[in-house]
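All remarks here apply to the structure that follows.
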Amino acid sequence: DGGITQSPKYLFRKEGQNVTLSCEQNLNHDAMYWYRQDPGQGLRLIYYSQIVNDFQKGDIAEGYSVSREKKESFPLTVTSAQKNPTAFYLCASTLRQGTGSNYGYTFGSGTRLTVV
Amino acid sequence: KQEVTQIPAALSVPEGENLVLNCSFTDSAIYNLQWFRQDPGKGLTSLLLIQSSQREQTSGRLNASLDKSSGRSTLYIAASQPGDSATYLCAPRGGSYIPTFGRGTSLIVHP
């Protein structure tokens, strides 16, 4: 079955460490997204990518970095510059615009990151 | 910039009630609107997608309507069950590559 796989499900980071969250999709989707979700808050966009080797900052990109070397993969690195990284992280994907109005967004199951 | 509002923010009802969740959006130039469900600690699961040319979409006990011109969508849940307890989010999709989500309606259905 096609879908998005996020790993790991739980991740613990020590102070000053960089950690990388994985997001892989086999849906042949063009665009991929990273969101952060905090308790009681909505989804906040960190980064997004429309095509391979291209990505744009979202609303809260500071302290995060991404790469898009392959269409199916969009890893997110939480750097030591991110002072409050404890949150739930969600990855999503979709086909590019212009492919019809019957395509929506697909989400992964999320990664919970905790600073220890 | 698209703005999405969901009302009510929270809802607690006894089992068996028919429910109405509302979603309003400011830019009516959309391709479709998607309703999601999110259980605690989980990702978003797509429930229904209504294309801009459609007025309604149904799946089991769920029915979603879309009035694009007025910037509104409604999710009806018939005969609610405790298993329906979750947060429900809507996402209108327009010309921008950036999806916009409402903050959701948190639903609790108690036995």
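Every chain in the structure tokens has a letter given in the order shown (A, B, ...), and although residue numbers restart at 1 in each chain, ligands are simply numbered from 1 in the order shown.
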
Proximity of chain A to chain B: per-residue shortest pair, 7 Å limit, only C-alpha atoms, as a Markdown table:
```
| residue | atom | partner | partner_atom | distance |
| --- | --- | --- | --- | --- |
| A:Gln41 | CA | B:Arg103 | CA | 7.0 |
| A:Gly42 | CA | B:Arg103 | CA | 4.7 |
| A:Leu90 | CA | B:Gly43 | CA | 6.8 |
| A:Ser101 | CA | B:Tyr31 | CA | 5.0 |
| A:Asn102 | CA | B:Gln51 | CA | 5.9 |
| A:Gly104 | CA | B:Gln34 | CA | 6.7 |
| A:Phe107 | CA | B:Leu44 | CA | 5.7 |
| A:Gly108 | CA | B:Gly43 | CA | 5.7 |
| A:Ser109 | CA | B:Gly43 | CA | 4.1 |
| A:Gly110 | CA | B:Gly43 | CA | 5.5 |
```

Ala64 in chain B environment, 12 Å, only C-alpha atoms, sequence neighbours closer than 4 positions dropped, as number ranges by chain: B: 19-23, 32-36, 47-51, 54-60, 72-78, 90

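Our summary of the geometry notes that CA of Gly83 in chain B is positioned 18.7 Å from CA of Ala9 in chain B.
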
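Here CA of Thr106 in chain A stands at a distance of 21.4 Å from CA of Ala61 in chain A.
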
Could you tell me, as a compact mmCIF listing (two decimals) with all heavy atoms, in the first residue's frame, which residues of chain A DSSP assigns to strand (DSSP E or B) when given the backbone?
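Result file is out_20.txt:
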```txt
# COMPACT_ATOMS: atom_id res chain seq x y z
N ILE A 4 2.97 7.34 3.53
CA ILE A 4 4.12 8.07 4.05
C ILE A 4 4.59 7.38 5.32
O ILE A 4 3.78 7.09 6.21
CB ILE A 4 3.75 9.53 4.37
CG1 ILE A 4 3.36 10.27 3.11
CG2 ILE A 4 4.92 10.23 5.04
CD1 ILE A 4 3.01 11.73 3.35
N THR A 5 5.89 7.16 5.41
CA THR A 5 6.47 6.53 6.59
C THR A 5 7.37 7.52 7.29
O THR A 5 8.31 8.06 6.69
CB THR A 5 7.29 5.29 6.20
OG1 THR A 5 6.44 4.35 5.53
CG2 THR A 5 7.88 4.63 7.44
N GLN A 6 7.08 7.78 8.56
CA GLN A 6 7.92 8.62 9.38
C GLN A 6 8.63 7.75 10.41
O GLN A 6 8.02 6.88 11.02
CB GLN A 6 7.11 9.69 10.11
CG GLN A 6 6.60 10.78 9.19
CD GLN A 6 5.96 11.92 9.99
OE1 GLN A 6 4.79 12.22 9.87
NE2 GLN A 6 6.79 12.57 10.80
N SER A 7 9.91 8.04 10.59
CA SER A 7 10.65 7.29 11.61
C SER A 7 11.71 8.19 12.23
O SER A 7 12.20 9.12 11.58
CB SER A 7 11.30 6.05 10.99
OG SER A 7 12.23 6.41 9.98
N TYR A 10 9.37 7.73 18.19
CA TYR A 10 9.79 8.52 19.34
C TYR A 10 11.30 8.79 19.22
O TYR A 10 12.05 7.90 18.82
CB TYR A 10 9.52 7.77 20.66
CG TYR A 10 8.07 7.46 20.90
CD1 TYR A 10 7.55 6.21 20.58
CD2 TYR A 10 7.20 8.42 21.43
CE1 TYR A 10 6.21 5.92 20.78
CE2 TYR A 10 5.87 8.13 21.63
CZ TYR A 10 5.38 6.89 21.30
OH TYR A 10 4.05 6.60 21.51
N LEU A 11 11.70 9.99 19.59
CA LEU A 11 13.09 10.38 19.49
C LEU A 11 13.45 11.26 20.68
O LEU A 11 12.69 12.16 21.04
CB LEU A 11 13.33 11.13 18.17
CG LEU A 11 14.75 11.51 17.78
CD1 LEU A 11 15.62 10.26 17.69
CD2 LEU A 11 14.74 12.25 16.46
N PHE A 12 14.62 10.99 21.24
CA PHE A 12 15.07 11.77 22.39
C PHE A 12 16.37 12.48 22.02
O PHE A 12 17.27 11.88 21.46
CB PHE A 12 15.27 10.86 23.60
CG PHE A 12 14.00 10.19 24.03
CD1 PHE A 12 13.65 8.95 23.51
CD2 PHE A 12 13.15 10.81 24.91
CE1 PHE A 12 12.47 8.33 23.89
CE2 PHE A 12 11.96 10.21 25.30
CZ PHE A 12 11.62 8.97 24.78
N ARG A 13 16.42 13.76 22.33
CA ARG A 13 17.59 14.55 21.98
C ARG A 13 18.22 15.14 23.22
O ARG A 13 17.51 15.68 24.09
CB ARG A 13 17.17 15.69 21.04
CG ARG A 13 18.36 16.42 20.41
CD ARG A 13 17.94 17.73 19.75
NE ARG A 13 18.14 18.86 20.66
CZ ARG A 13 18.14 20.13 20.27
NH1 ARG A 13 17.93 20.41 19.01
NH2 ARG A 13 18.31 21.11 21.14
N VAL A 19 19.51 16.17 15.52
CA VAL A 19 18.83 14.91 15.25
C VAL A 19 18.08 15.04 13.93
O VAL A 19 17.66 16.12 13.55
CB VAL A 19 17.84 14.52 16.37
CG1 VAL A 19 18.57 14.17 17.64
CG2 VAL A 19 16.83 15.62 16.61
N THR A 20 17.93 13.90 13.24
CA THR A 20 17.26 13.90 11.94
C THR A 20 16.04 13.00 11.97
O THR A 20 16.11 11.85 12.40
CB THR A 20 18.23 13.44 10.83
OG1 THR A 20 19.31 14.36 10.75
CG2 THR A 20 17.51 13.39 9.49
N LEU A 21 14.92 13.56 11.50
CA LEU A 21 13.66 12.84 11.39
C LEU A 21 13.49 12.43 9.94
O LEU A 21 13.66 13.24 9.02
CB LEU A 21 12.50 13.73 11.82
CG LEU A 21 12.29 13.99 13.31
CD1 LEU A 21 13.49 14.67 13.96
CD2 LEU A 21 11.03 14.82 13.52
N SER A 22 13.09 11.19 9.76
CA SER A 22 12.96 10.66 8.40
C SER A 22 11.52 10.74 7.93
O SER A 22 10.58 10.53 8.70
CB SER A 22 13.42 9.20 8.38
OG SER A 22 13.13 8.59 7.14
N CYS A 23 11.33 11.04 6.64
CA CYS A 23 10.03 11.01 6.00
C CYS A 23 10.20 10.44 4.59
O CYS A 23 10.95 11.00 3.77
CB CYS A 23 9.43 12.41 5.92
SG CYS A 23 7.82 12.45 5.07
N GLU A 24 9.55 9.33 4.33
CA GLU A 24 9.65 8.66 3.03
C GLU A 24 8.23 8.39 2.50
O GLU A 24 7.38 7.92 3.24
CB GLU A 24 10.37 7.31 3.17
CG GLU A 24 11.76 7.39 3.76
CD GLU A 24 12.81 7.69 2.72
OE1 GLU A 24 12.58 7.39 1.53
OE2 GLU A 24 13.88 8.22 3.10
N GLN A 25 8.01 8.67 1.21
CA GLN A 25 6.70 8.40 0.61
C GLN A 25 6.86 7.61 -0.68
O GLN A 25 7.83 7.82 -1.42
CB GLN A 25 5.91 9.70 0.37
CG GLN A 25 6.64 10.78 -0.41
CD GLN A 25 6.31 10.83 -1.89
OE1 GLN A 25 5.52 10.03 -2.40
NE2 GLN A 25 6.94 11.75 -2.60
N ALA A 31 5.15 17.31 -3.98
CA ALA A 31 5.37 18.25 -2.89
C ALA A 31 5.37 17.53 -1.54
O ALA A 31 4.59 16.60 -1.32
CB ALA A 31 4.29 19.32 -2.90
N MET A 32 6.27 17.96 -0.68
CA MET A 32 6.34 17.40 0.66
C MET A 32 6.48 18.53 1.68
O MET A 32 7.01 19.61 1.36
CB MET A 32 7.53 16.42 0.78
CG MET A 32 7.38 15.21 -0.14
SD MET A 32 8.65 13.96 0.09
CE MET A 32 8.16 13.23 1.65
N TYR A 33 6.00 18.28 2.90
CA TYR A 33 5.89 19.31 3.93
C TYR A 33 6.29 18.77 5.29
O TYR A 33 6.08 17.59 5.58
CB TYR A 33 4.43 19.81 4.03
CG TYR A 33 3.81 20.22 2.73
CD1 TYR A 33 3.23 19.28 1.88
CD2 TYR A 33 3.78 21.56 2.34
CE1 TYR A 33 2.65 19.66 0.68
CE2 TYR A 33 3.20 21.95 1.15
CZ TYR A 33 2.64 20.99 0.32
OH TYR A 33 2.07 21.37 -0.87
N TRP A 34 6.82 19.67 6.12
CA TRP A 34 7.05 19.35 7.53
C TRP A 34 6.28 20.34 8.39
O TRP A 34 6.37 21.56 8.18
CB TRP A 34 8.54 19.43 7.90
CG TRP A 34 9.29 18.17 7.63
CD1 TRP A 34 10.17 17.93 6.63
CD2 TRP A 34 9.23 16.97 8.41
NE1 TRP A 34 10.66 16.65 6.72
CE2 TRP A 34 10.10 16.04 7.81
CE3 TRP A 34 8.53 16.59 9.56
CZ2 TRP A 34 10.30 14.75 8.31
CZ3 TRP A 34 8.73 15.31 10.06
CH2 TRP A 34 9.61 14.41 9.44
N TYR A 35 5.55 19.77 9.37
CA TYR A 35 4.80 20.58 10.32
C TYR A 35 5.24 20.25 11.74
O TYR A 35 5.62 19.12 12.05
CB TYR A 35 3.29 20.29 10.22
CG TYR A 35 2.65 20.81 8.97
CD1 TYR A 35 2.57 20.02 7.83
CD2 TYR A 35 2.13 22.10 8.92
CE1 TYR A 35 1.98 20.51 6.68
CE2 TYR A 35 1.53 22.59 7.77
CZ TYR A 35 1.48 21.79 6.66
OH TYR A 35 0.90 22.26 5.51
N ARG A 36 5.08 21.25 12.59
CA ARG A 36 5.28 21.06 14.02
C ARG A 36 3.93 21.27 14.71
O ARG A 36 3.17 22.19 14.35
CB ARG A 36 6.30 22.07 14.54
CG ARG A 36 6.40 22.10 16.05
CD ARG A 36 7.47 23.06 16.51
NE ARG A 36 7.41 23.20 17.96
CZ ARG A 36 8.47 23.39 18.74
NH1 ARG A 36 9.69 23.49 18.21
NH2 ARG A 36 8.33 23.50 20.04
N GLN A 37 3.65 20.41 15.69
CA GLN A 37 2.40 20.54 16.44
C GLN A 37 2.71 20.52 17.92
O GLN A 37 3.33 19.58 18.44
CB GLN A 37 1.43 19.41 16.07
CG GLN A 37 0.04 19.60 16.61
CD GLN A 37 -0.92 18.52 16.13
OE1 GLN A 37 -0.56 17.36 16.01
NE2 GLN A 37 -2.15 18.92 15.80
N LEU A 43 -1.32 23.29 13.44
CA LEU A 43 -0.15 22.87 12.68
C LEU A 43 0.63 24.10 12.22
O LEU A 43 0.06 25.03 11.66
CB LEU A 43 -0.59 22.06 11.46
CG LEU A 43 -1.30 20.75 11.76
CD1 LEU A 43 -1.89 20.17 10.48
CD2 LEU A 43 -0.36 19.76 12.40
N ARG A 44 1.92 24.08 12.45
CA ARG A 44 2.77 25.18 11.99
C ARG A 44 3.78 24.64 10.98
O ARG A 44 4.47 23.65 11.25
CB ARG A 44 3.48 25.85 13.18
CG ARG A 44 2.52 26.59 14.09
CD ARG A 44 3.27 27.41 15.12
NE ARG A 44 3.91 26.58 16.13
CZ ARG A 44 4.78 27.04 17.02
NH1 ARG A 44 5.14 28.32 17.00
NH2 ARG A 44 5.31 26.22 17.92
N LEU A 45 3.88 25.31 9.85
CA LEU A 45 4.71 24.86 8.74
C LEU A 45 6.17 25.20 8.97
O LEU A 45 6.51 26.36 9.22
CB LEU A 45 4.21 25.49 7.44
CG LEU A 45 4.91 25.08 6.16
CD1 LEU A 45 4.68 23.60 5.86
CD2 LEU A 45 4.43 25.93 5.00
N ILE A 46 7.04 24.20 8.86
CA ILE A 46 8.47 24.41 9.07
C ILE A 46 9.17 24.62 7.72
O ILE A 46 9.82 25.64 7.50
CB ILE A 46 9.10 23.20 9.79
CG1 ILE A 46 8.39 22.90 11.10
CG2 ILE A 46 10.59 23.47 10.06
CD1 ILE A 46 8.85 21.62 11.78
N TYR A 47 9.07 23.66 6.84
CA TYR A 47 9.65 23.71 5.49
C TYR A 47 8.72 22.98 4.54
O TYR A 47 7.97 22.09 4.94
CB TYR A 47 11.02 23.02 5.46
CG TYR A 47 12.20 23.89 5.73
CD1 TYR A 47 12.78 23.93 6.99
CD2 TYR A 47 12.77 24.67 4.72
CE1 TYR A 47 13.89 24.73 7.25
CE2 TYR A 47 13.88 25.48 4.97
CZ TYR A 47 14.43 25.49 6.25
OH TYR A 47 15.53 26.28 6.50
N TYR A 48 8.84 23.34 3.24
CA TYR A 48 8.15 22.57 2.23
C TYR A 48 8.99 22.52 0.96
O TYR A 48 9.87 23.36 0.76
CB TYR A 48 6.75 23.11 1.94
CG TYR A 48 6.69 24.48 1.32
CD1 TYR A 48 6.46 24.65 -0.04
CD2 TYR A 48 6.83 25.61 2.11
CE1 TYR A 48 6.37 25.91 -0.60
CE2 TYR A 48 6.76 26.87 1.57
CZ TYR A 48 6.52 27.02 0.21
OH TYR A 48 6.45 28.27 -0.33
N SER A 49 8.70 21.51 0.15
CA SER A 49 9.47 21.30 -1.09
C SER A 49 8.49 20.92 -2.19
O SER A 49 7.68 20.03 -2.03
CB SER A 49 10.49 20.18 -0.89
OG SER A 49 11.05 19.78 -2.13
N GLN A 56 11.55 25.49 0.44
CA GLN A 56 11.32 26.85 0.95
C GLN A 56 11.04 26.81 2.44
O GLN A 56 10.48 25.83 2.96
CB GLN A 56 10.11 27.49 0.24
CG GLN A 56 10.40 27.94 -1.19
CD GLN A 56 10.40 26.79 -2.16
OE1 GLN A 56 9.56 25.91 -2.06
NE2 GLN A 56 11.33 26.81 -3.09
N LYS A 57 11.37 27.91 3.11
CA LYS A 57 11.08 28.05 4.52
C LYS A 57 9.60 28.27 4.74
O LYS A 57 8.94 28.98 3.98
CB LYS A 57 11.88 29.21 5.12
CG LYS A 57 13.38 28.99 5.13
CD LYS A 57 14.07 30.19 5.76
CE LYS A 57 15.58 29.98 5.80
NZ LYS A 57 16.28 31.14 6.40
N TYR A 64 15.94 24.66 12.11
CA TYR A 64 15.66 23.43 11.35
C TYR A 64 16.35 23.49 9.99
O TYR A 64 16.62 24.56 9.48
CB TYR A 64 14.17 23.25 11.12
CG TYR A 64 13.32 23.14 12.34
CD1 TYR A 64 12.66 24.26 12.85
CD2 TYR A 64 13.16 21.93 13.01
CE1 TYR A 64 11.87 24.18 13.98
CE2 TYR A 64 12.36 21.84 14.14
CZ TYR A 64 11.73 22.97 14.62
OH TYR A 64 10.93 22.88 15.74
N SER A 65 16.65 22.33 9.42
CA SER A 65 17.15 22.26 8.05
C SER A 65 16.58 21.02 7.38
O SER A 65 16.19 20.06 8.04
CB SER A 65 18.68 22.23 8.01
OG SER A 65 19.16 21.02 8.58
N VAL A 66 16.49 21.08 6.04
CA VAL A 66 15.95 19.97 5.26
C VAL A 66 16.80 19.75 4.02
O VAL A 66 17.64 20.56 3.66
CB VAL A 66 14.49 20.23 4.82
CG1 VAL A 66 13.55 20.27 6.02
CG2 VAL A 66 14.40 21.51 3.99
N LYS A 70 16.01 13.25 -3.21
CA LYS A 70 15.20 12.27 -3.93
C LYS A 70 13.74 12.64 -3.81
O LYS A 70 13.31 13.21 -2.80
CB LYS A 70 15.42 10.87 -3.35
CG LYS A 70 16.83 10.36 -3.46
CD LYS A 70 16.94 8.92 -2.97
CE LYS A 70 16.61 8.79 -1.51
NZ LYS A 70 16.76 7.39 -1.02
N SER A 73 11.94 11.27 -0.60
CA SER A 73 12.50 11.48 0.73
C SER A 73 12.66 12.96 1.06
O SER A 73 13.15 13.74 0.24
CB SER A 73 13.86 10.78 0.81
OG SER A 73 14.44 10.97 2.07
N LEU A 76 14.16 15.89 7.88
CA LEU A 76 14.20 17.12 8.66
C LEU A 76 15.25 16.99 9.76
O LEU A 76 15.21 16.03 10.53
CB LEU A 76 12.83 17.40 9.30
CG LEU A 76 12.76 18.57 10.28
CD1 LEU A 76 12.81 19.89 9.53
CD2 LEU A 76 11.47 18.49 11.11
N THR A 77 16.18 17.94 9.81
CA THR A 77 17.17 17.96 10.88
C THR A 77 16.82 19.05 11.87
O THR A 77 16.63 20.21 11.47
CB THR A 77 18.59 18.17 10.33
OG1 THR A 77 18.94 17.05 9.49
CG2 THR A 77 19.61 18.27 11.45
N VAL A 78 16.73 18.67 13.12
CA VAL A 78 16.50 19.63 14.20
C VAL A 78 17.88 19.94 14.78
O VAL A 78 18.54 19.06 15.35
CB VAL A 78 15.57 19.04 15.27
CG1 VAL A 78 15.28 20.08 16.34
CG2 VAL A 78 14.28 18.54 14.64
N ALA A 87 8.26 18.54 20.67
CA ALA A 87 7.00 18.71 19.94
C ALA A 87 6.70 17.44 19.16
O ALA A 87 7.50 16.50 19.14
CB ALA A 87 7.08 19.89 18.97
N PHE A 88 5.55 17.45 18.50
CA PHE A 88 5.15 16.38 17.61
C PHE A 88 5.35 16.87 16.18
O PHE A 88 4.88 17.95 15.83
CB PHE A 88 3.67 16.05 17.89
CG PHE A 88 3.15 14.82 17.19
CD1 PHE A 88 3.79 13.60 17.34
CD2 PHE A 88 2.02 14.88 16.41
CE1 PHE A 88 3.31 12.46 16.73
CE2 PHE A 88 1.51 13.73 15.79
CZ PHE A 88 2.17 12.53 15.95
N TYR A 89 6.06 16.09 15.37
CA TYR A 89 6.40 16.51 14.02
C TYR A 89 5.67 15.64 13.00
O TYR A 89 5.72 14.41 13.07
CB TYR A 89 7.91 16.44 13.80
CG TYR A 89 8.67 17.45 14.61
CD1 TYR A 89 9.03 17.18 15.92
CD2 TYR A 89 9.00 18.69 14.07
CE1 TYR A 89 9.72 18.12 16.68
CE2 TYR A 89 9.68 19.64 14.83
CZ TYR A 89 10.04 19.34 16.13
OH TYR A 89 10.70 20.28 16.87
N LEU A 90 5.04 16.30 12.05
CA LEU A 90 4.27 15.61 11.03
C LEU A 90 4.79 15.93 9.64
O LEU A 90 5.10 17.08 9.34
CB LEU A 90 2.79 16.01 11.10
CG LEU A 90 2.01 15.42 12.26
CD1 LEU A 90 0.72 16.18 12.48
CD2 LEU A 90 1.71 13.96 12.01
N CYS A 91 4.85 14.92 8.80
CA CYS A 91 5.26 15.06 7.41
C CYS A 91 4.04 14.82 6.53
O CYS A 91 3.19 13.97 6.85
CB CYS A 91 6.35 14.05 7.10
SG CYS A 91 6.96 14.07 5.41
N ALA A 92 3.92 15.57 5.44
CA ALA A 92 2.79 15.41 4.53
C ALA A 92 3.28 15.50 3.09
O ALA A 92 4.39 15.99 2.82
CB ALA A 92 1.73 16.48 4.80
N SER A 93 2.44 15.05 2.16
CA SER A 93 2.80 15.13 0.74
C SER A 93 1.54 15.27 -0.10
O SER A 93 0.43 14.97 0.36
CB SER A 93 3.60 13.90 0.30
OG SER A 93 2.79 12.74 0.27
N THR A 94 1.73 15.71 -1.34
CA THR A 94 0.63 15.82 -2.28
C THR A 94 1.17 15.89 -3.69
O THR A 94 2.36 16.17 -3.91
CB THR A 94 -0.24 17.05 -1.99
OG1 THR A 94 -1.44 16.99 -2.77
CG2 THR A 94 0.49 18.34 -2.31
N THR A 106 -1.68 13.81 2.08
CA THR A 106 -1.51 12.58 2.84
C THR A 106 -0.49 12.84 3.93
O THR A 106 0.55 13.46 3.66
CB THR A 106 -1.02 11.44 1.94
OG1 THR A 106 -1.97 11.23 0.89
CG2 THR A 106 -0.89 10.14 2.74
N PHE A 107 -0.78 12.36 5.14
CA PHE A 107 0.10 12.59 6.28
C PHE A 107 0.73 11.30 6.77
O PHE A 107 0.15 10.21 6.64
CB PHE A 107 -0.68 13.21 7.44
CG PHE A 107 -0.87 14.68 7.33
CD1 PHE A 107 -1.85 15.21 6.51
CD2 PHE A 107 -0.05 15.55 8.04
CE1 PHE A 107 -2.01 16.58 6.39
CE2 PHE A 107 -0.21 16.91 7.93
CZ PHE A 107 -1.19 17.43 7.10
N THR A 111 6.37 11.92 14.40
CA THR A 111 7.50 11.62 15.29
C THR A 111 7.40 12.53 16.49
O THR A 111 7.27 13.75 16.34
CB THR A 111 8.86 11.86 14.59
OG1 THR A 111 9.02 10.91 13.53
CG2 THR A 111 10.01 11.72 15.58
N ARG A 112 7.46 11.94 17.67
CA ARG A 112 7.45 12.75 18.89
C ARG A 112 8.88 12.93 19.37
O ARG A 112 9.55 11.96 19.69
CB ARG A 112 6.61 12.10 19.98
CG ARG A 112 6.53 12.98 21.24
CD ARG A 112 5.38 12.58 22.15
NE ARG A 112 4.09 12.69 21.52
CZ ARG A 112 3.42 13.82 21.35
NH1 ARG A 112 3.93 14.96 21.77
NH2 ARG A 112 2.23 13.81 20.78
N LEU A 113 9.33 14.15 19.38
CA LEU A 113 10.69 14.49 19.80
C LEU A 113 10.67 15.09 21.20
O LEU A 113 9.87 16.00 21.48
CB LEU A 113 11.31 15.48 18.81
CG LEU A 113 12.68 16.05 19.16
CD1 LEU A 113 13.72 14.95 19.24
CD2 LEU A 113 13.10 17.12 18.17
N THR A 114 11.54 14.57 22.04
CA THR A 114 11.64 15.06 23.42
C THR A 114 13.09 15.40 23.75
O THR A 114 13.99 14.60 23.44
CB THR A 114 11.14 14.01 24.41
OG1 THR A 114 9.80 13.64 24.08
CG2 THR A 114 11.16 14.54 25.84
N VAL A 115 13.31 16.53 24.36
CA VAL A 115 14.64 16.91 24.81
C VAL A 115 14.84 16.37 26.21
O VAL A 115 14.00 16.56 27.10
CB VAL A 115 14.81 18.44 24.81
CG1 VAL A 115 16.14 18.82 25.43
CG2 VAL A 115 14.71 18.97 23.39
```

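The closest residue to Thr5 in chain B, picked from B:Arg61, B:Glu17, B:Ala29, B:Ser24 and counting only C-alpha atoms, is B:Ser24.
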